[in-house]
>>> print(open('data-v4.cif').read())   # mmCIF, C-alpha atoms (C1' of nucleotides)
data_start
#
loop_
_atom_site.label_atom_id
_atom_site.label_comp_id
_atom_site.auth_asym_id
_atom_site.auth_seq_id
_atom_site.Cartn_x
_atom_site.Cartn_y
_atom_site.Cartn_z
CA MET A 1 -12.30 32.34 -21.31
CA VAL A 2 -12.53 28.58 -21.79
CA GLY A 3 -9.23 28.34 -19.93
CA ARG A 4 -10.72 30.03 -16.91
CA ILE A 5 -13.81 27.85 -17.04
CA ASN A 6 -11.52 24.85 -17.23
CA HIS A 7 -9.63 25.82 -14.10
CA ALA A 8 -12.85 26.67 -12.29
CA ILE A 9 -14.19 23.22 -13.12
CA VAL A 10 -11.02 21.54 -11.87
CA GLU A 11 -11.16 23.52 -8.66
CA PHE A 12 -14.84 22.79 -8.17
CA PHE A 13 -14.24 19.11 -8.82
CA GLU A 14 -11.56 18.93 -6.16
CA LYS A 15 -13.64 20.73 -3.56
CA LEU A 16 -16.67 18.58 -4.25
CA SER A 17 -14.53 15.44 -4.01
CA SER A 18 -13.24 16.56 -0.65
CA TRP A 19 -16.73 17.41 0.60
CA GLU A 20 -18.08 14.06 -0.54
CA HIS A 21 -15.22 12.22 1.09
CA ASP A 22 -15.80 13.89 4.45
CA VAL A 23 -19.58 13.51 4.39
CA VAL A 24 -19.40 9.84 3.47
CA ARG A 25 -16.77 8.97 6.04
CA GLU A 26 -18.85 10.61 8.75
CA LYS A 27 -21.47 7.95 8.06
CA GLY A 28 -18.82 5.22 8.36
CA MET A 29 -18.97 4.47 4.65
CA THR A 30 -16.52 4.68 1.78
CA LEU A 31 -16.97 6.58 -1.49
CA PRO A 32 -17.60 3.50 -3.67
CA GLN A 33 -20.06 2.14 -1.13
CA MET A 34 -22.09 5.35 -1.09
CA HIS A 35 -21.83 5.55 -4.85
CA THR A 36 -23.43 2.12 -5.05
CA LEU A 37 -26.34 3.26 -2.90
CA GLU A 38 -26.72 6.34 -5.09
CA VAL A 39 -26.94 4.38 -8.31
CA LEU A 40 -29.43 1.95 -6.79
CA GLY A 41 -31.40 4.80 -5.24
CA ILE A 42 -31.71 6.64 -8.51
CA HIS A 43 -32.14 3.76 -10.95
CA GLY A 44 -33.80 1.23 -8.66
CA ALA A 45 -32.80 -2.41 -8.20
CA MET A 46 -30.62 -3.85 -10.93
CA ARG A 47 -28.51 -6.88 -11.78
CA MET A 48 -24.84 -7.11 -10.77
CA LYS A 49 -23.73 -6.76 -14.38
CA GLU A 50 -25.82 -3.65 -14.99
CA LEU A 51 -24.73 -2.12 -11.70
CA ALA A 52 -21.05 -2.73 -12.48
CA GLU A 53 -21.45 -1.11 -15.90
CA ALA A 54 -23.30 1.85 -14.45
CA MET A 55 -20.47 2.35 -11.96
CA GLY A 56 -17.64 1.74 -14.39
CA ILE A 57 -16.09 -1.15 -12.44
CA THR A 58 -15.73 -4.88 -13.05
CA THR A 59 -18.12 -7.43 -11.65
CA GLY A 60 -15.27 -8.86 -9.60
CA THR A 61 -14.84 -5.56 -7.82
CA LEU A 62 -18.58 -5.22 -7.37
CA THR A 63 -18.90 -8.65 -5.78
CA VAL A 64 -16.82 -7.70 -2.75
CA LEU A 65 -18.36 -4.23 -2.64
CA VAL A 66 -21.85 -5.69 -2.45
CA ASP A 67 -20.60 -8.25 0.11
CA ARG A 68 -19.63 -5.40 2.43
CA LEU A 69 -22.86 -3.52 1.79
CA GLU A 70 -24.78 -6.68 2.65
CA ASP A 71 -22.79 -6.99 5.89
CA LYS A 72 -23.88 -3.45 6.69
CA GLU A 73 -27.44 -4.35 5.74
CA CYS A 74 -27.66 -1.59 3.17
CA VAL A 75 -28.41 -3.82 0.18
CA ARG A 76 -29.86 -7.26 -0.46
CA ARG A 77 -29.16 -9.91 -3.10
CA VAL A 78 -32.36 -11.26 -4.61
CA PRO A 79 -32.59 -14.06 -7.19
CA HIS A 80 -33.58 -12.88 -10.64
CA ASP A 81 -37.05 -13.85 -11.82
CA THR A 82 -36.28 -15.36 -15.19
CA ASP A 83 -32.47 -15.71 -15.43
CA ARG A 84 -31.08 -17.99 -12.77
CA ARG A 85 -27.54 -16.79 -13.47
CA SER A 86 -28.47 -13.24 -12.55
CA ILE A 87 -28.85 -11.60 -9.17
CA ASN A 88 -30.79 -8.45 -8.43
CA VAL A 89 -29.31 -6.03 -5.97
CA GLU A 90 -31.78 -3.82 -4.13
CA LEU A 91 -31.64 -1.33 -1.30
CA THR A 92 -32.84 -2.34 2.15
CA GLU A 93 -34.87 0.12 4.19
CA GLN A 94 -31.67 1.18 5.89
CA GLY A 95 -29.85 1.60 2.58
CA LYS A 96 -32.72 3.64 1.22
CA ALA A 97 -32.69 5.88 4.28
CA LEU A 98 -28.94 6.40 3.93
CA PHE A 99 -29.27 7.27 0.26
CA GLU A 100 -32.08 9.73 0.88
CA GLU A 101 -30.22 11.39 3.70
CA HIS A 102 -27.16 11.73 1.50
CA ASP A 103 -29.25 13.05 -1.34
CA ARG A 104 -30.71 15.73 0.94
CA LEU A 105 -27.19 16.77 1.97
CA HIS A 106 -26.28 17.12 -1.68
CA LEU A 107 -29.31 19.25 -2.33
CA ARG A 108 -28.60 21.46 0.66
CA LEU A 109 -25.01 21.94 -0.52
CA THR A 110 -26.18 22.93 -3.97
CA GLU A 111 -28.63 25.39 -2.44
CA GLU A 112 -25.88 26.98 -0.37
CA LEU A 113 -23.41 27.12 -3.24
CA THR A 114 -25.82 28.67 -5.69
CA ALA A 115 -27.39 31.05 -3.19
CA ALA A 116 -25.16 33.91 -4.33
CA CYS A 117 -25.92 33.42 -8.02
CA PRO A 118 -28.67 35.52 -9.61
CA PRO A 119 -31.62 33.49 -10.96
CA GLU A 120 -30.77 34.10 -14.61
CA ASP A 121 -27.23 32.81 -14.03
CA ARG A 122 -28.66 29.73 -12.37
CA GLU A 123 -30.81 29.12 -15.43
CA ALA A 124 -27.74 29.41 -17.63
CA LEU A 125 -25.82 27.10 -15.28
CA LEU A 126 -28.47 24.43 -15.62
CA ARG A 127 -28.51 24.82 -19.40
CA CYS A 128 -24.71 24.50 -19.56
CA LEU A 129 -24.58 21.47 -17.28
CA THR A 130 -27.33 19.72 -19.20
CA SER A 131 -25.62 20.45 -22.48
CA MET A 132 -22.22 19.36 -21.17
CA ASN A 133 -23.64 16.10 -19.79
CA ALA A 134 -25.15 15.40 -23.19
CA GLN A 135 -21.82 16.08 -24.94
CA PHE A 136 -19.90 13.53 -22.88
CA MET B 1 -34.81 24.33 -10.11
CA VAL B 2 -32.05 23.83 -7.58
CA GLY B 3 -32.98 20.17 -7.52
CA ARG B 4 -32.33 19.86 -11.22
CA ILE B 5 -29.05 21.73 -10.91
CA ASN B 6 -28.13 19.35 -8.12
CA HIS B 7 -28.75 16.27 -10.21
CA ALA B 8 -26.96 17.80 -13.17
CA ILE B 9 -23.93 18.44 -10.97
CA VAL B 10 -23.96 14.87 -9.66
CA GLU B 11 -24.20 13.51 -13.18
CA PHE B 12 -21.43 15.78 -14.41
CA PHE B 13 -19.26 14.80 -11.49
CA GLU B 14 -19.62 11.11 -12.26
CA LYS B 15 -18.89 11.53 -15.93
CA LEU B 16 -15.85 13.67 -15.25
CA SER B 17 -14.58 11.14 -12.71
CA SER B 18 -14.91 8.40 -15.27
CA TRP B 19 -13.17 10.44 -17.96
CA GLU B 20 -10.33 11.30 -15.60
CA HIS B 21 -9.94 7.68 -14.59
CA ASP B 22 -9.65 6.49 -18.17
CA VAL B 23 -7.29 9.26 -19.26
CA VAL B 24 -4.98 8.74 -16.30
CA ARG B 25 -4.86 4.97 -16.62
CA GLU B 26 -3.94 5.30 -20.26
CA LYS B 27 -0.77 7.00 -19.09
CA GLY B 28 -0.09 4.16 -16.66
CA MET B 29 -0.78 6.33 -13.64
CA THR B 30 -3.34 6.30 -10.85
CA LEU B 31 -5.71 9.12 -9.94
CA PRO B 32 -3.87 10.14 -6.75
CA GLN B 33 -0.56 10.11 -8.61
CA MET B 34 -1.84 12.41 -11.33
CA HIS B 35 -3.52 14.56 -8.73
CA THR B 36 -0.15 15.02 -7.06
CA LEU B 37 1.39 16.17 -10.33
CA GLU B 38 -1.51 18.57 -10.82
CA VAL B 39 -1.11 20.19 -7.43
CA LEU B 40 2.65 20.53 -7.92
CA GLY B 41 2.19 21.77 -11.47
CA ILE B 42 -0.25 24.47 -10.40
CA HIS B 43 1.24 25.55 -7.08
CA GLY B 44 4.89 24.75 -7.73
CA ALA B 45 7.24 22.81 -5.47
CA MET B 46 6.12 22.45 -1.87
CA ARG B 47 6.90 20.60 1.34
CA MET B 48 5.43 17.19 2.13
CA LYS B 49 3.24 18.64 4.84
CA GLU B 50 1.84 21.38 2.61
CA LEU B 51 1.29 18.94 -0.24
CA ALA B 52 -0.56 16.51 2.02
CA GLU B 53 -2.81 19.29 3.28
CA ALA B 54 -3.48 20.56 -0.23
CA MET B 55 -4.50 17.05 -1.27
CA GLY B 56 -6.50 16.22 1.85
CA ILE B 57 -4.46 13.14 2.77
CA THR B 58 -2.13 12.29 5.64
CA THR B 59 1.64 12.60 5.35
CA GLY B 60 1.88 8.84 5.82
CA THR B 61 -0.15 8.26 2.69
CA LEU B 62 1.82 10.89 0.85
CA THR B 63 5.15 9.31 1.71
CA VAL B 64 4.43 6.15 -0.26
CA LEU B 65 2.70 8.10 -3.02
CA VAL B 66 5.80 10.24 -3.52
CA ASP B 67 7.96 7.10 -3.30
CA ARG B 68 6.14 5.68 -6.32
CA LEU B 69 6.28 8.96 -8.20
CA GLU B 70 10.02 9.09 -7.57
CA ASP B 71 10.36 5.54 -8.93
CA LYS B 72 8.60 6.77 -12.06
CA GLU B 73 10.90 9.78 -12.13
CA CYS B 74 8.00 12.21 -12.09
CA VAL B 75 8.96 14.04 -8.89
CA ARG B 76 12.11 14.63 -6.88
CA ARG B 77 12.73 15.04 -3.14
CA VAL B 78 14.95 18.02 -2.42
CA PRO B 79 16.22 19.05 1.03
CA HIS B 80 14.64 22.18 2.38
CA ASP B 81 16.85 25.26 2.50
CA THR B 82 16.38 26.30 6.10
CA ASP B 83 14.46 23.50 7.84
CA ARG B 84 16.34 20.22 7.84
CA ARG B 85 13.23 18.34 8.93
CA SER B 86 11.39 19.40 5.79
CA ILE B 87 11.61 18.09 2.27
CA ASN B 88 10.58 19.90 -0.87
CA VAL B 89 8.84 17.90 -3.56
CA GLU B 90 9.24 19.19 -7.08
CA LEU B 91 8.35 17.99 -10.56
CA THR B 92 11.03 16.53 -12.79
CA GLU B 93 11.06 17.45 -16.48
CA GLN B 94 9.13 14.29 -17.15
CA GLY B 95 6.60 15.05 -14.43
CA LYS B 96 6.16 18.54 -15.75
CA ALA B 97 5.59 17.23 -19.26
CA LEU B 98 3.01 14.75 -18.00
CA PHE B 99 1.19 17.45 -16.09
CA GLU B 100 1.13 19.82 -19.03
CA GLU B 101 -0.10 17.14 -21.37
CA HIS B 102 -2.85 16.26 -18.92
CA ASP B 103 -3.73 19.90 -18.51
CA ARG B 104 -4.09 20.27 -22.26
CA LEU B 105 -6.42 17.27 -22.35
CA HIS B 106 -8.52 18.93 -19.67
CA LEU B 107 -8.68 22.14 -21.64
CA ARG B 108 -9.62 20.34 -24.81
CA LEU B 109 -12.40 18.49 -22.98
CA THR B 110 -13.76 21.74 -21.59
CA GLU B 111 -13.68 23.25 -25.06
CA GLU B 112 -15.63 20.35 -26.48
CA LEU B 113 -18.16 20.29 -23.67
CA THR B 114 -18.89 23.99 -23.77
CA ALA B 115 -18.92 24.23 -27.55
CA ALA B 116 -22.68 23.99 -27.68
CA CYS B 117 -23.25 26.70 -25.07
CA PRO B 118 -23.90 30.25 -26.24
CA PRO B 119 -21.26 32.78 -25.14
CA GLU B 120 -23.51 34.53 -22.64
CA ASP B 121 -24.27 31.19 -20.97
CA ARG B 122 -20.57 30.48 -20.79
CA GLU B 123 -20.05 33.81 -19.05
CA ALA B 124 -22.75 32.93 -16.55
CA LEU B 125 -21.22 29.47 -16.09
CA LEU B 126 -17.89 30.99 -15.19
CA ARG B 127 -19.54 33.43 -12.78
CA CYS B 128 -21.44 30.60 -11.08
CA LEU B 129 -18.41 28.34 -10.79
CA THR B 130 -16.29 31.14 -9.38
CA SER B 131 -18.99 32.03 -6.89
CA MET B 132 -19.54 28.42 -5.91
CA ASN B 133 -15.84 27.81 -5.41
CA ALA B 134 -15.72 30.85 -3.14
CA GLN B 135 -18.70 29.59 -1.10
CA PHE B 136 -17.11 26.24 -0.31
"C1'" DG C 1 -32.04 -33.05 -28.28
"C1'" DA C 2 -26.90 -32.40 -27.89
"C1'" DC C 3 -22.93 -29.84 -27.97
"C1'" DA C 4 -20.42 -25.33 -28.52
"C1'" DA C 5 -20.25 -20.62 -27.40
"C1'" DT C 6 -21.64 -16.98 -24.57
"C1'" DT C 7 -23.00 -14.74 -20.29
"C1'" DA C 8 -23.44 -13.74 -15.06
"C1'" DG C 9 -21.34 -13.85 -11.11
"C1'" DC C 10 -17.64 -15.37 -7.89
"C1'" DT C 11 -12.74 -16.27 -6.48
"C1'" DT C 12 -7.92 -15.47 -6.43
"C1'" DG C 13 -3.57 -12.95 -6.69
"C1'" DA C 14 -1.23 -8.80 -7.10
"C1'" DC C 15 -0.95 -4.00 -6.31
"C1'" DA C 16 -2.39 0.80 -4.86
"C1'" DC C 17 -4.62 4.03 -1.54
"C1'" DT C 18 -5.98 5.22 3.01
"C1'" DC C 19 -5.69 5.96 7.87
"C1'" DA C 20 -4.14 5.67 12.69
"C1'" DA C 21 -0.47 4.93 15.62
"C1'" DA C 22 4.20 4.54 16.74
"C1'" DC C 23 8.78 6.17 15.67
"C1'" DT C 24 13.03 9.25 14.44
"C1'" DA C 25 15.13 13.49 13.81
"C1'" DA C 26 15.05 18.38 13.91
"C1'" DA C 27 13.33 22.81 15.53
"C1'" DT C 28 11.23 25.69 19.03
"C1'" DC C 29 9.95 27.15 23.53
"C1'" DC C 30 10.43 28.05 28.03
"C1'" DG D 1 19.35 22.43 28.35
"C1'" DG D 2 15.38 19.88 28.74
"C1'" DA D 3 10.36 19.60 27.37
"C1'" DT D 4 7.33 20.24 23.65
"C1'" DT D 5 6.12 20.56 19.04
"C1'" DT D 6 6.75 19.59 14.18
"C1'" DA D 7 8.14 17.02 9.65
"C1'" DG D 8 8.51 12.98 7.71
"C1'" DT D 9 8.72 7.82 7.71
"C1'" DT D 10 7.27 3.15 8.93
"C1'" DT D 11 3.96 -0.35 10.04
"C1'" DG D 12 -0.46 -2.79 10.23
"C1'" DA D 13 -5.14 -3.29 8.95
"C1'" DG D 14 -8.79 -2.44 5.87
"C1'" DT D 15 -10.66 -1.26 1.25
"C1'" DG D 16 -10.75 -0.74 -3.85
"C1'" DT D 17 -9.12 -2.15 -8.25
"C1'" DC D 18 -8.10 -5.14 -12.10
"C1'" DA D 19 -7.01 -9.31 -14.85
"C1'" DA D 20 -7.47 -14.02 -15.19
"C1'" DG D 21 -9.54 -18.17 -14.23
"C1'" DC D 22 -13.61 -20.69 -12.48
"C1'" DT D 23 -18.64 -22.49 -12.12
"C1'" DA D 24 -23.28 -22.53 -13.40
"C1'" DA D 25 -26.83 -21.15 -16.47
"C1'" DT D 26 -28.42 -19.66 -20.95
"C1'" DT D 27 -28.36 -19.27 -25.90
"C1'" DG D 28 -27.24 -20.70 -30.50
"C1'" DT D 29 -26.43 -24.19 -33.98
"C1'" DC D 30 -26.57 -28.34 -36.03
#
>>> encode(input="data-v4.cif", output="structure tokens")
Amino acid sequence: MVGRINHAIVEFFEKLSSWEHDVVREKGMTLPQMHTLEVLGIHGAMRMKELAEAMGITTGTLTVLVDRLEDKECVRRVPHDTDRRSINVELTEQGKALFEEHDRLHLRLTEELTAACPPEDREALLRCLTSMNAQF
Amino acid sequence: MVGRINHAIVEFFEKLSSWEHDVVREKGMTLPQMHTLEVLGIHGAMRMKELAEAMGITTGTLTVLVDRLEDKECVRRVPHDTDRRSINVELTEQGKALFEEHDRLHLRLTEELTAACPPEDREALLRCLTSMNAQF
DNA sequence: GACAATTAGCTTGACACTCAAACTAAATCC
DNA sequence: GGATTTAGTTTGAGTGTCAAGCTAATTGTC
């Protein structure tokens, strides 16, 4: 039972990765770049350090990532109010639009994928996912 | 409802990505390298072309990936029986052991994550995942 | 207030992944 | 038997990643 769930998760993970890869590349972006917009879109503007931690990468990696996103005018570096060492990264209008469009695609995919599941199974799915996210 | 499932999936995806990254790096491997072992471990030996398609990468990318896995003695290139253009890639004993160990870690993670879910929810989870994988 | 330790972010160097395009060798198709 | 297709490799350019070292600013301690 758990074994079959395990394999189903692995399979789902791979298919979702592939979907994400294709969708993101169609917009001329890379996975880490879109991931950056997602984190900023969900959590709002944050400092480089916080953003790097949220994404699980080093600040060195983030520096060049944000450089490229600034070139594409998706994000903006803004001086921090009280700490002059810190820099806030925030979405531009264009970055916000990209994030929201991507978010809608995600939602549409989820709608399509769960369309065949009966409502009570969907409830259980949400309970399981919430519980699993909490266990991590 | 679907919106919450969507966000739960995104969150789960990120946490699983992070877990995978850490686990794989602990073994001194990269994500694509371990992914290669996974595909070979599940599907058995296959040709470069098939493997590239299964992984969603080009054969050019796969060539160097398999080069590195051969250096690490995880996989082996074997001439194809009937088609001299083709090359079969198969796991070595060491590669097989690595895959199986990784697979066990995956299973253990799934066990831990689903431990808090009641059995009927787990049944529904499996049904949903299976259905979703089929919809992709 | 002055100096040490810490923190935030950037830079550099080394390596891996990725693709597209060009190339070689083998198989297949008239 | 020659043209076309296919399998795999090589090359070049771009991106992501980390560790280590650097600068500037802040915090802590005396």
>>> residues_around(input="data-v4.cif", residues="B:Pro119", least_positions_apart="6", cutoff="12 Å", atoms="all atoms listed in the file", output="PyMOL selection string")
(chain A and resi 1-2+124+128) or (chain B and resi 125-126)
>>> interface_residues(input="data-v4.cif", of="chain D", to="chain B", cutoff="12 Å", atoms="all atoms listed in the file", output="PyMOL selection string")
chain D and resi 6-11+17-18
>>> atom_distance(input="data-v4.cif", atom1="atom CA of A:Arg76", atom2="atom CA of A:Thr30")
18.0 Å
>>> residues_around(input="data-v4.cif", residues="B:Ile5", least_positions_apart="2", cutoff="9 Å", atoms="all atoms listed in the file", output="NGL selection string")
(:A and (107 or 110 or 122-123 or 125-126 or 129-130)) or (:B and (1-3 or 7-10))
>>> interface_residues(input="data-v4.cif", of="chain C", to="chain B", cutoff="8 Å", atoms="only C-alpha atoms (C1' of nucleotides)", output="list in words")
DC17, DT18, DC19, DA25, DA26 and DA27 of chain C
>>> calpha_fit_and_write(input="data-v4.cif", fixed="chain B", moving="chain A", output="tab-separated table (two decimals) with C-alpha atoms, in the coordinates of the input")
chain	number	residue	atom	x	y	z
A	1	MET	CA	-34.84	24.35	-10.14
A	2	VAL	CA	-32.08	23.85	-7.58
A	3	GLY	CA	-33.05	20.18	-7.54
A	4	ARG	CA	-32.38	19.88	-11.24
A	5	ILE	CA	-29.08	21.72	-10.93
A	6	ASN	CA	-28.18	19.35	-8.13
A	7	HIS	CA	-28.81	16.27	-10.23
A	8	ALA	CA	-26.99	17.79	-13.19
A	9	ILE	CA	-23.98	18.42	-10.98
A	10	VAL	CA	-24.02	14.85	-9.68
A	11	GLU	CA	-24.25	13.50	-13.19
A	12	PHE	CA	-21.48	15.77	-14.43
A	13	PHE	CA	-19.30	14.78	-11.50
A	14	GLU	CA	-19.68	11.10	-12.28
A	15	LYS	CA	-18.92	11.53	-15.96
A	16	LEU	CA	-15.88	13.67	-15.26
A	17	SER	CA	-14.64	11.12	-12.73
A	18	SER	CA	-14.96	8.38	-15.30
A	19	TRP	CA	-13.20	10.45	-17.97
A	20	GLU	CA	-10.37	11.30	-15.60
A	21	HIS	CA	-9.98	7.69	-14.58
A	22	ASP	CA	-9.68	6.50	-18.17
A	23	VAL	CA	-7.32	9.27	-19.27
A	24	VAL	CA	-5.01	8.76	-16.31
A	25	ARG	CA	-4.88	5.00	-16.62
A	26	GLU	CA	-3.96	5.32	-20.29
A	27	LYS	CA	-0.77	7.02	-19.12
A	28	GLY	CA	-0.09	4.15	-16.70
A	29	MET	CA	-0.80	6.34	-13.69
A	30	THR	CA	-3.37	6.32	-10.91
A	31	LEU	CA	-5.74	9.14	-9.95
A	32	PRO	CA	-3.89	10.15	-6.76
A	33	GLN	CA	-0.58	10.09	-8.60
A	34	MET	CA	-1.84	12.41	-11.33
A	35	HIS	CA	-3.51	14.57	-8.72
A	36	THR	CA	-0.13	15.01	-7.06
A	37	LEU	CA	1.42	16.17	-10.33
A	38	GLU	CA	-1.47	18.58	-10.82
A	39	VAL	CA	-1.07	20.21	-7.44
A	40	LEU	CA	2.69	20.52	-7.92
A	41	GLY	CA	2.22	21.78	-11.47
A	42	ILE	CA	-0.18	24.48	-10.41
A	43	HIS	CA	1.31	25.56	-7.09
A	44	GLY	CA	4.96	24.76	-7.75
A	45	ALA	CA	7.30	22.79	-5.48
A	46	MET	CA	6.16	22.46	-1.89
A	47	ARG	CA	6.95	20.62	1.33
A	48	MET	CA	5.46	17.20	2.10
A	49	LYS	CA	3.26	18.66	4.82
A	50	GLU	CA	1.87	21.40	2.58
A	51	LEU	CA	1.33	18.96	-0.27
A	52	ALA	CA	-0.54	16.53	1.99
A	53	GLU	CA	-2.79	19.33	3.25
A	54	ALA	CA	-3.44	20.59	-0.25
A	55	MET	CA	-4.47	17.08	-1.28
A	56	GLY	CA	-6.47	16.28	1.83
A	57	ILE	CA	-4.46	13.19	2.79
A	58	THR	CA	-2.09	12.34	5.64
A	59	THR	CA	1.65	12.62	5.35
A	60	GLY	CA	1.89	8.87	5.82
A	61	THR	CA	-0.16	8.30	2.71
A	62	LEU	CA	1.82	10.92	0.83
A	63	THR	CA	5.14	9.31	1.70
A	64	VAL	CA	4.39	6.14	-0.26
A	65	LEU	CA	2.69	8.11	-3.02
A	66	VAL	CA	5.79	10.24	-3.52
A	67	ASP	CA	7.94	7.08	-3.30
A	68	ARG	CA	6.13	5.67	-6.32
A	69	LEU	CA	6.28	8.96	-8.20
A	70	GLU	CA	10.02	9.06	-7.56
A	71	ASP	CA	10.33	5.51	-8.92
A	72	LYS	CA	8.58	6.75	-12.05
A	73	GLU	CA	10.88	9.76	-12.12
A	74	CYS	CA	8.00	12.20	-12.09
A	75	VAL	CA	8.99	14.02	-8.90
A	76	ARG	CA	12.13	14.62	-6.87
A	77	ARG	CA	12.75	15.03	-3.14
A	78	VAL	CA	14.98	18.01	-2.41
A	79	PRO	CA	16.26	19.04	1.03
A	80	HIS	CA	14.66	22.19	2.37
A	81	ASP	CA	16.88	25.26	2.53
A	82	THR	CA	16.34	26.36	6.10
A	83	ASP	CA	14.41	23.56	7.87
A	84	ARG	CA	16.31	20.31	7.91
A	85	ARG	CA	13.20	18.40	8.95
A	86	SER	CA	11.40	19.44	5.79
A	87	ILE	CA	11.62	18.08	2.27
A	88	ASN	CA	10.61	19.88	-0.88
A	89	VAL	CA	8.88	17.89	-3.56
A	90	GLU	CA	9.28	19.18	-7.10
A	91	LEU	CA	8.37	17.98	-10.56
A	92	THR	CA	11.06	16.52	-12.80
A	93	GLU	CA	11.09	17.42	-16.47
A	94	GLN	CA	9.15	14.25	-17.15
A	95	GLY	CA	6.61	15.02	-14.43
A	96	LYS	CA	6.18	18.52	-15.77
A	97	ALA	CA	5.61	17.20	-19.28
A	98	LEU	CA	3.02	14.74	-17.99
A	99	PHE	CA	1.20	17.46	-16.07
A	100	GLU	CA	1.15	19.81	-19.03
A	101	GLU	CA	-0.09	17.12	-21.35
A	102	HIS	CA	-2.84	16.26	-18.90
A	103	ASP	CA	-3.71	19.90	-18.48
A	104	ARG	CA	-4.07	20.28	-22.25
A	105	LEU	CA	-6.42	17.28	-22.33
A	106	HIS	CA	-8.53	18.92	-19.66
A	107	LEU	CA	-8.68	22.13	-21.61
A	108	ARG	CA	-9.63	20.34	-24.80
A	109	LEU	CA	-12.41	18.50	-22.97
A	110	THR	CA	-13.76	21.73	-21.58
A	111	GLU	CA	-13.68	23.26	-25.05
A	112	GLU	CA	-15.64	20.35	-26.48
A	113	LEU	CA	-18.16	20.29	-23.65
A	114	THR	CA	-18.88	23.99	-23.76
A	115	ALA	CA	-18.87	24.24	-27.54
A	116	ALA	CA	-22.67	24.00	-27.69
A	117	CYS	CA	-23.23	26.70	-25.07
A	118	PRO	CA	-23.86	30.27	-26.24
A	119	PRO	CA	-21.20	32.78	-25.12
A	120	GLU	CA	-23.46	34.53	-22.63
A	121	ASP	CA	-24.25	31.20	-20.96
A	122	ARG	CA	-20.55	30.47	-20.75
A	123	GLU	CA	-20.02	33.79	-19.01
A	124	ALA	CA	-22.74	32.91	-16.53
A	125	LEU	CA	-21.22	29.44	-16.07
A	126	LEU	CA	-17.88	30.95	-15.15
A	127	ARG	CA	-19.54	33.39	-12.76
A	128	CYS	CA	-21.46	30.56	-11.07
A	129	LEU	CA	-18.43	28.30	-10.76
A	130	THR	CA	-16.30	31.08	-9.34
A	131	SER	CA	-19.00	31.99	-6.87
A	132	MET	CA	-19.59	28.37	-5.88
A	133	ASN	CA	-15.86	27.75	-5.37
A	134	ALA	CA	-15.75	30.78	-3.10
A	135	GLN	CA	-18.74	29.53	-1.08
A	136	PHE	CA	-17.14	26.18	-0.27
>>> resolve_selection(input="data-v4.cif", expression="the PyMOL selection byres ((chain D and resi 1) around 12)", output="list in words")
DC29 and DC30 of chain C; DG2 and DA3 of chain D
>>> closest_residue(input="data-v4.cif", among="B:Lys72, B:Leu51, B:Met29, B:Ser18", to="chain A", atoms="all atoms listed in the file")
B:Ser18
>>> axis_aligned_box(input="data-v4.cif", around="stretch 13-25 of chain C", padding_each_side="8 Å", output="lines of an AutoDock Vina configuration file")
center_x = 4.6
center_y = 0.3
center_z = 4.8
size_x = 37.1
size_y = 42.4
size_z = 39.8
>>> resolve_selection(input="data-v4.cif", expression="the PyMOL selection byres ((chain D and resi 30) around 10)", output="list of chain:residue names")
C:DA2, C:DC3, D:DG28, D:DT29
>>> atom_distance(input="data-v4.cif", atom1="atom C1' of D:DG12", atom2="atom CA of B:His35")
25.9 Å
>>> closest_residue(input="data-v4.cif", among="B:Lys15, B:Lys96, B:Arg25, B:His80", to="chain A", atoms="all atoms listed in the file")
B:Lys15
>>> resolve_selection(input="data-v4.cif", expression="the PyMOL selection byres ((chain A and resi 95) around 12)", output="VMD selection string")
chain A and resid 27 29 33 to 41 44 to 45 66 69 to 76 89 to 94 96 to 102
>>> write_last_selection(input="data-v4.cif", atoms="C-alpha atoms", output="short mmCIF file (atom, residue, chain, number, x, y, z; two decimals), keeping the file's coordinate frame")
data_model
loop_
_atom_site.label_atom_id
_atom_site.label_comp_id
_atom_site.auth_asym_id
_atom_site.auth_seq_id
_atom_site.Cartn_x
_atom_site.Cartn_y
_atom_site.Cartn_z
CA LYS A 27 -21.47 7.95 8.06
CA MET A 29 -18.97 4.47 4.65
CA GLN A 33 -20.06 2.14 -1.13
CA MET A 34 -22.09 5.35 -1.09
CA HIS A 35 -21.83 5.55 -4.85
CA THR A 36 -23.43 2.12 -5.05
CA LEU A 37 -26.34 3.26 -2.90
CA GLU A 38 -26.72 6.34 -5.09
CA VAL A 39 -26.94 4.38 -8.31
CA LEU A 40 -29.43 1.95 -6.79
CA GLY A 41 -31.40 4.80 -5.24
CA GLY A 44 -33.80 1.23 -8.66
CA ALA A 45 -32.80 -2.41 -8.20
CA VAL A 66 -21.85 -5.69 -2.45
CA LEU A 69 -22.86 -3.52 1.79
CA GLU A 70 -24.78 -6.68 2.65
CA ASP A 71 -22.79 -6.99 5.89
CA LYS A 72 -23.88 -3.45 6.69
CA GLU A 73 -27.44 -4.35 5.74
CA CYS A 74 -27.66 -1.59 3.17
CA VAL A 75 -28.41 -3.82 0.18
CA ARG A 76 -29.86 -7.26 -0.46
CA VAL A 89 -29.31 -6.03 -5.97
CA GLU A 90 -31.78 -3.82 -4.13
CA LEU A 91 -31.64 -1.33 -1.30
CA THR A 92 -32.84 -2.34 2.15
CA GLU A 93 -34.87 0.12 4.19
CA GLN A 94 -31.67 1.18 5.89
CA LYS A 96 -32.72 3.64 1.22
CA ALA A 97 -32.69 5.88 4.28
CA LEU A 98 -28.94 6.40 3.93
CA PHE A 99 -29.27 7.27 0.26
CA GLU A 100 -32.08 9.73 0.88
CA GLU A 101 -30.22 11.39 3.70
CA HIS A 102 -27.16 11.73 1.50
#
>>> closest_residue(input="data-v4.cif", among="A:Val78, A:Glu53, A:Trp19, A:Gln135", to="chain B", atoms="all atoms listed in the file")
A:Gln135
